[in-house]
>>> print(open('start.txt').read())   # compact mmCIF, C-alpha atoms
# COMPACT_ATOMS: atom_id res chain seq x y z
CA MET A 29 105.97 118.84 102.06
CA ARG A 30 103.74 121.87 101.75
CA SER A 31 105.38 125.17 102.65
CA GLY A 32 104.72 128.87 102.54
CA ILE A 33 104.94 130.67 99.23
CA PRO A 34 106.22 134.25 99.46
CA GLY A 35 103.61 136.75 98.36
CA LEU A 36 100.78 134.19 98.19
CA PRO A 37 97.55 136.12 98.70
CA THR A 38 95.14 134.78 101.26
CA PRO A 39 91.61 134.00 100.09
CA HIS A 40 90.15 135.27 103.39
CA PRO A 41 92.15 138.21 104.82
CA LEU A 42 91.76 138.39 108.59
CA ILE A 43 91.69 142.20 108.57
CA ASP A 44 88.43 142.05 106.58
CA GLN A 45 86.82 140.14 109.45
CA LEU A 46 87.31 142.99 111.95
CA PRO A 47 84.99 145.88 112.70
CA ALA A 48 85.87 149.18 110.99
CA VAL A 49 87.12 150.73 114.23
CA TYR A 50 90.18 148.43 114.19
CA LEU A 51 91.14 148.96 110.55
CA GLU A 52 93.34 151.99 111.30
CA GLN A 53 95.49 150.22 113.91
CA ASP A 54 98.98 149.85 112.36
CA PHE A 55 100.16 147.12 114.75
CA LEU A 56 96.98 145.10 114.21
CA GLN A 57 97.28 145.39 110.42
CA ARG A 58 100.89 144.15 110.48
CA PHE A 59 100.08 141.36 112.95
CA LEU A 60 97.14 140.07 110.92
CA ALA A 61 99.12 140.36 107.68
CA ALA A 62 101.77 138.08 109.23
CA LEU A 63 99.07 135.58 110.20
CA ASP A 64 97.61 135.79 106.69
CA ASP A 65 101.03 134.87 105.26
CA VAL A 66 101.13 131.78 107.49
CA LEU A 67 97.52 130.76 106.92
CA ALA A 68 97.32 131.37 103.15
CA PRO A 69 98.78 127.96 102.11
CA VAL A 70 96.59 126.17 104.65
CA LEU A 71 93.40 127.92 103.57
CA LEU A 72 94.16 127.45 99.87
CA SER A 73 94.89 123.75 100.44
CA ILE A 74 91.58 123.33 102.25
CA ASP A 75 89.72 125.28 99.56
CA ASN A 76 91.30 123.02 96.91
CA LEU A 77 90.98 119.75 98.82
CA PRO A 78 88.85 118.00 96.16
CA ALA A 79 91.52 118.78 93.54
CA HIS A 80 94.27 117.59 95.91
CA LEU A 81 92.49 114.27 96.47
CA ASP A 82 91.96 113.61 92.76
CA PRO A 83 94.98 111.74 91.31
CA ARG A 84 94.53 113.56 87.98
CA SER A 85 95.12 117.00 89.51
CA ALA A 86 96.90 116.40 92.82
CA PRO A 87 100.29 118.06 93.37
CA ASP A 88 103.18 115.59 93.22
CA ASP A 89 103.72 115.47 96.99
CA PHE A 90 100.00 114.82 97.56
CA LEU A 91 100.07 112.18 94.82
CA ASP A 92 102.75 110.28 96.73
CA TRP A 93 100.60 110.50 99.86
CA LEU A 94 97.52 109.30 97.93
CA ALA A 95 99.55 106.37 96.59
CA ARG A 96 100.37 105.25 100.13
CA TRP A 97 96.73 105.79 101.10
CA VAL A 98 95.49 103.29 98.48
CA ALA A 99 98.43 100.88 98.97
CA VAL A 100 100.17 101.58 95.66
CA ASP A 101 103.92 101.79 95.29
CA PRO A 102 104.61 103.37 91.91
CA HIS A 103 108.29 103.37 91.04
CA GLU A 104 109.80 106.77 91.90
CA ASP A 105 111.48 106.89 88.46
CA SER A 106 108.14 106.47 86.71
CA PRO A 107 106.83 109.46 84.75
CA PRO A 108 104.14 111.47 86.61
CA GLU A 109 101.40 110.38 84.18
CA LEU A 110 102.14 106.71 84.91
CA ARG A 111 102.16 107.34 88.67
CA ARG A 112 98.84 109.18 88.42
CA GLU A 113 97.31 106.30 86.45
CA ALA A 114 98.57 103.78 89.02
CA VAL A 115 96.88 105.69 91.85
CA ARG A 116 93.69 106.35 89.89
CA GLY A 117 93.06 102.68 89.13
CA ALA A 118 94.36 101.23 92.40
CA VAL A 119 91.07 100.22 93.99
CA ALA A 120 89.84 98.44 90.86
CA ARG A 121 93.20 96.67 90.51
CA HIS A 122 93.12 95.54 94.15
CA ALA A 123 89.84 93.76 93.42
CA ARG A 124 91.56 91.79 90.62
CA ARG A 125 94.82 91.14 92.46
CA GLY A 126 95.97 87.53 92.28
CA THR A 127 94.19 86.87 88.98
CA VAL A 128 95.64 86.60 85.49
CA GLY A 129 93.75 89.76 84.49
CA GLY A 130 95.09 91.68 87.48
CA LEU A 131 98.65 90.55 86.78
CA ALA A 132 98.34 91.48 83.10
CA GLU A 133 97.01 94.92 83.98
CA ALA A 134 99.83 95.58 86.49
CA LEU A 135 102.45 94.53 83.93
CA ARG A 136 100.81 96.57 81.17
CA LEU A 137 100.84 99.61 83.44
CA GLU A 138 104.51 99.08 84.31
CA THR A 139 105.86 98.25 80.84
CA GLY A 140 103.36 99.72 78.40
CA THR A 141 103.24 96.40 76.52
CA GLU A 142 100.80 93.51 76.52
CA PRO A 143 102.26 90.53 78.44
CA GLU A 144 101.68 86.92 77.47
CA ILE A 145 100.71 84.94 80.58
CA VAL A 146 100.43 81.15 80.75
CA GLU A 147 99.23 79.60 84.00
CA SER A 148 99.37 75.99 85.11
CA GLY A 149 95.89 75.80 86.64
CA GLY A 150 92.45 75.34 85.27
CA THR A 151 88.83 74.67 86.20
CA ALA A 152 86.32 72.11 85.07
CA TRP A 153 83.14 70.42 86.18
CA SER A 154 81.79 66.99 85.52
CA THR A 155 78.72 64.91 86.25
CA ARG A 156 80.91 61.86 86.86
CA PRO A 157 82.99 61.35 90.01
CA HIS A 158 86.79 60.95 89.86
CA THR A 159 87.16 63.04 86.72
CA ALA A 160 90.75 64.14 86.12
CA LEU A 161 91.52 67.66 87.21
CA PRO A 162 92.77 70.14 84.60
CA GLY A 163 96.09 71.89 84.84
CA GLN A 164 99.31 70.76 86.51
CA ASP A 165 100.05 69.72 90.08
CA ARG A 166 102.52 72.55 90.69
CA PRO A 167 100.99 76.06 90.55
CA TRP A 168 103.13 78.12 88.19
CA VAL A 169 102.85 81.19 85.97
CA THR A 170 105.02 81.94 82.96
CA ILE A 171 105.12 85.58 81.89
CA ARG A 172 106.54 86.64 78.53
CA ILE A 173 107.13 90.32 77.82
CA ARG A 174 108.29 91.65 74.49
CA ALA A 175 110.38 94.72 75.20
CA ALA A 176 113.65 96.32 74.18
CA GLY A 177 116.56 96.01 76.61
CA GLY A 178 116.38 95.17 80.28
CA GLY A 179 117.44 91.57 79.93
CA GLY A 180 120.59 91.90 82.04
CA ALA A 181 120.92 91.13 85.73
CA GLY A 182 120.81 94.77 86.76
CA GLY A 183 118.10 95.60 84.29
CA ASP A 184 117.52 98.93 82.72
CA SER A 185 116.16 102.00 84.43
CA GLY A 186 113.31 102.28 81.96
CA ALA A 187 114.97 105.15 80.13
CA GLY A 188 112.92 104.81 76.97
CA PRO A 189 109.69 103.39 75.63
CA GLY A 190 109.60 99.62 75.71
CA ARG A 191 112.51 99.43 78.16
CA VAL A 192 111.99 97.30 81.27
CA ASP A 193 113.81 96.71 84.54
CA ARG A 194 113.92 92.96 85.15
CA VAL A 195 114.42 93.30 88.90
CA ARG A 196 111.51 95.73 89.18
CA LEU A 197 109.28 93.39 87.14
CA GLU A 198 110.20 90.41 89.31
CA GLU A 199 109.32 92.43 92.43
CA LEU A 200 106.01 93.44 90.86
CA ILE A 201 105.15 89.90 89.79
CA GLY A 202 106.09 88.54 93.22
CA ALA A 203 103.69 91.02 94.81
CA GLU A 204 100.86 90.30 92.36
CA VAL A 205 100.77 86.49 92.18
CA PRO A 206 99.47 84.46 95.14
CA ALA A 207 102.19 83.47 97.63
CA HIS A 208 102.07 79.73 96.77
CA VAL A 209 102.42 80.30 93.02
CA GLY A 210 105.89 80.33 91.43
CA PHE A 211 106.68 82.24 88.27
CA THR A 212 109.08 82.50 85.37
CA LEU A 213 109.74 85.81 83.66
CA GLU A 214 110.91 85.75 80.05
CA LEU A 215 111.96 89.00 78.40
CA LEU A 216 111.79 88.61 74.63
>>> encode(input="start.txt", output="structure tokens")
Amino acid sequence: MRSGIPGLPTPHPLIDQLPAVYLEQDFLQRFLAALDDVLAPVLLSIDNLPAHLDPRSAPDDFLDWLARWVAVDPHEDSPPELRREAVRGAVARHARRGTVGGLAEALRLETGTEPEIVESGGTAWSTRPHTALPGQDRPWVTIRIRAAGGGGAGGDSGAGPGRVDRVRLEELIGAEVPAHVGFTLELL
């Protein structure tokens, strides 16, 4: 939450907006100085709104707000750079959601490694009727991730490079694949 910062100078002092006849009034100077202290964070936030709305430069509390705004839920334990990247690419990823490419990108963003994804479906066309359909009857995705640690039931908190949290990955995969598609996660 944004709050006042002691001693923060205002970019537009109210006393400068008054006619010269009022500048010598002690009470008015103190009153307007108090208002300037209250308004300084608001005015500076408004002046810097483009920077606040850019995920690359937004303050951390604004970044969390931006993440909710674009329907992204970066893990709170993720490093700030990873959270910023998740917000920055959210709209493009939403367009690919439910595809193998979208799933691979989400997993790459979460783990930092390239996943191997095998799906049970397929497409084909034929000039002859009753041609056999490709793929399998049951929609299924198998995801293999090569990473250190994280294979246990509780997973790992992602404390180092290459470390993964199995529970977090399963939640992510469940959110990324279509609802009727099952999946298997293999941590290698």
>>> residues_around(input="start.txt", residues="segment 148-150 of chain A", least_positions_apart="3", cutoff="9 Å", atoms="only C-alpha atoms", output="list of chain:residue names")
A:Leu161, A:Pro162, A:Gly163, A:Gln164, A:Asp165, A:Arg166, A:Pro167, A:Trp168, A:Val169, A:Thr170
>>> atom_distance(input="start.txt", atom1="atom CA of Gly117 of chain A", atom2="atom CA of Trp93 of chain A")
15.3 Å
>>> closest_residue(input="start.txt", among="A:Ala207, A:Val49, A:Val115, A:Val146", to="Pro83 of chain A", atoms="all atoms listed in the file")
A:Val115
>>> residues_near_point(input="start.txt", point="(99.2, 135.2, 105.7)", cutoff="9 Å", atoms="all atoms listed in the file", output="ChimeraX atom specification")
/A:32,35-38,41-42,60-69
>>> closest_residue(input="start.txt", among="A:Ala118, A:Ile173, A:Leu216, A:Ala48", to="Leu197 of chain A", atoms="all atoms listed in the file")
A:Ile173
>>> atom_distance(input="start.txt", atom1="atom CA of Leu213 of chain A", atom2="atom CA of Glu147 of chain A")
12.2 Å
>>> build_atoms(input="start.txt", residues="segment 139-151 of chain A", atoms="N, CA, C and O atoms", output="PDB file, in the frame of the given file")
ATOM      1  N   THR A 139     105.009  98.340  82.028  1.00  0.00           N
ATOM      2  CA  THR A 139     105.860  98.250  80.840  1.00  0.00           C
ATOM      3  C   THR A 139     105.298  98.959  79.613  1.00  0.00           C
ATOM      4  O   THR A 139     106.032  99.271  78.691  1.00  0.00           O
ATOM      5  N   GLY A 140     103.987  99.126  79.567  1.00  0.00           N
ATOM      6  CA  GLY A 140     103.360  99.720  78.400  1.00  0.00           C
ATOM      7  C   GLY A 140     103.159  98.715  77.273  1.00  0.00           C
ATOM      8  O   GLY A 140     102.744  99.082  76.184  1.00  0.00           O
ATOM      9  N   THR A 141     103.442  97.446  77.526  1.00  0.00           N
ATOM     10  CA  THR A 141     103.240  96.400  76.520  1.00  0.00           C
ATOM     11  C   THR A 141     102.304  95.337  77.058  1.00  0.00           C
ATOM     12  O   THR A 141     102.152  95.180  78.265  1.00  0.00           O
ATOM     13  N   GLU A 142     101.721  94.583  76.147  1.00  0.00           N
ATOM     14  CA  GLU A 142     100.800  93.510  76.520  1.00  0.00           C
ATOM     15  C   GLU A 142     101.598  92.244  76.845  1.00  0.00           C
ATOM     16  O   GLU A 142     102.301  91.709  75.990  1.00  0.00           O
ATOM     17  N   PRO A 143     101.517  91.746  78.098  1.00  0.00           N
ATOM     18  CA  PRO A 143     102.260  90.530  78.440  1.00  0.00           C
ATOM     19  C   PRO A 143     101.521  89.273  77.970  1.00  0.00           C
ATOM     20  O   PRO A 143     100.299  89.279  77.812  1.00  0.00           O
ATOM     21  N   GLU A 144     102.274  88.222  77.749  1.00  0.00           N
ATOM     22  CA  GLU A 144     101.680  86.920  77.470  1.00  0.00           C
ATOM     23  C   GLU A 144     101.826  86.108  78.755  1.00  0.00           C
ATOM     24  O   GLU A 144     102.930  85.927  79.272  1.00  0.00           O
ATOM     25  N   ILE A 145     100.703  85.644  79.294  1.00  0.00           N
ATOM     26  CA  ILE A 145     100.710  84.940  80.580  1.00  0.00           C
ATOM     27  C   ILE A 145     100.121  83.547  80.378  1.00  0.00           C
ATOM     28  O   ILE A 145      99.025  83.386  79.853  1.00  0.00           O
ATOM     29  N   VAL A 146     100.887  82.542  80.810  1.00  0.00           N
ATOM     30  CA  VAL A 146     100.430  81.150  80.750  1.00  0.00           C
ATOM     31  C   VAL A 146     100.453  80.625  82.179  1.00  0.00           C
ATOM     32  O   VAL A 146     101.482  80.676  82.855  1.00  0.00           O
ATOM     33  N   GLU A 147      99.299  80.133  82.630  1.00  0.00           N
ATOM     34  CA  GLU A 147      99.230  79.600  84.000  1.00  0.00           C
ATOM     35  C   GLU A 147      99.040  78.097  83.967  1.00  0.00           C
ATOM     36  O   GLU A 147      98.559  77.533  82.983  1.00  0.00           O
ATOM     37  N   SER A 148      99.409  77.449  85.068  1.00  0.00           N
ATOM     38  CA  SER A 148      99.370  75.990  85.110  1.00  0.00           C
ATOM     39  C   SER A 148      98.030  75.439  85.569  1.00  0.00           C
ATOM     40  O   SER A 148      97.787  74.247  85.465  1.00  0.00           O
ATOM     41  N   GLY A 149      97.159  76.278  86.083  1.00  0.00           N
ATOM     42  CA  GLY A 149      95.890  75.800  86.640  1.00  0.00           C
ATOM     43  C   GLY A 149      94.785  75.740  85.632  1.00  0.00           C
ATOM     44  O   GLY A 149      94.965  75.976  84.443  1.00  0.00           O
ATOM     45  N   GLY A 150      93.623  75.404  86.107  1.00  0.00           N
ATOM     46  CA  GLY A 150      92.450  75.340  85.270  1.00  0.00           C
ATOM     47  C   GLY A 150      91.240  74.944  86.092  1.00  0.00           C
ATOM     48  O   GLY A 150      91.366  74.530  87.242  1.00  0.00           O
ATOM     49  N   THR A 151      90.062  75.072  85.515  1.00  0.00           N
ATOM     50  CA  THR A 151      88.830  74.670  86.200  1.00  0.00           C
ATOM     51  C   THR A 151      88.003  73.816  85.255  1.00  0.00           C
ATOM     52  O   THR A 151      88.098  73.938  84.040  1.00  0.00           O
TER      53      THR A 151
END
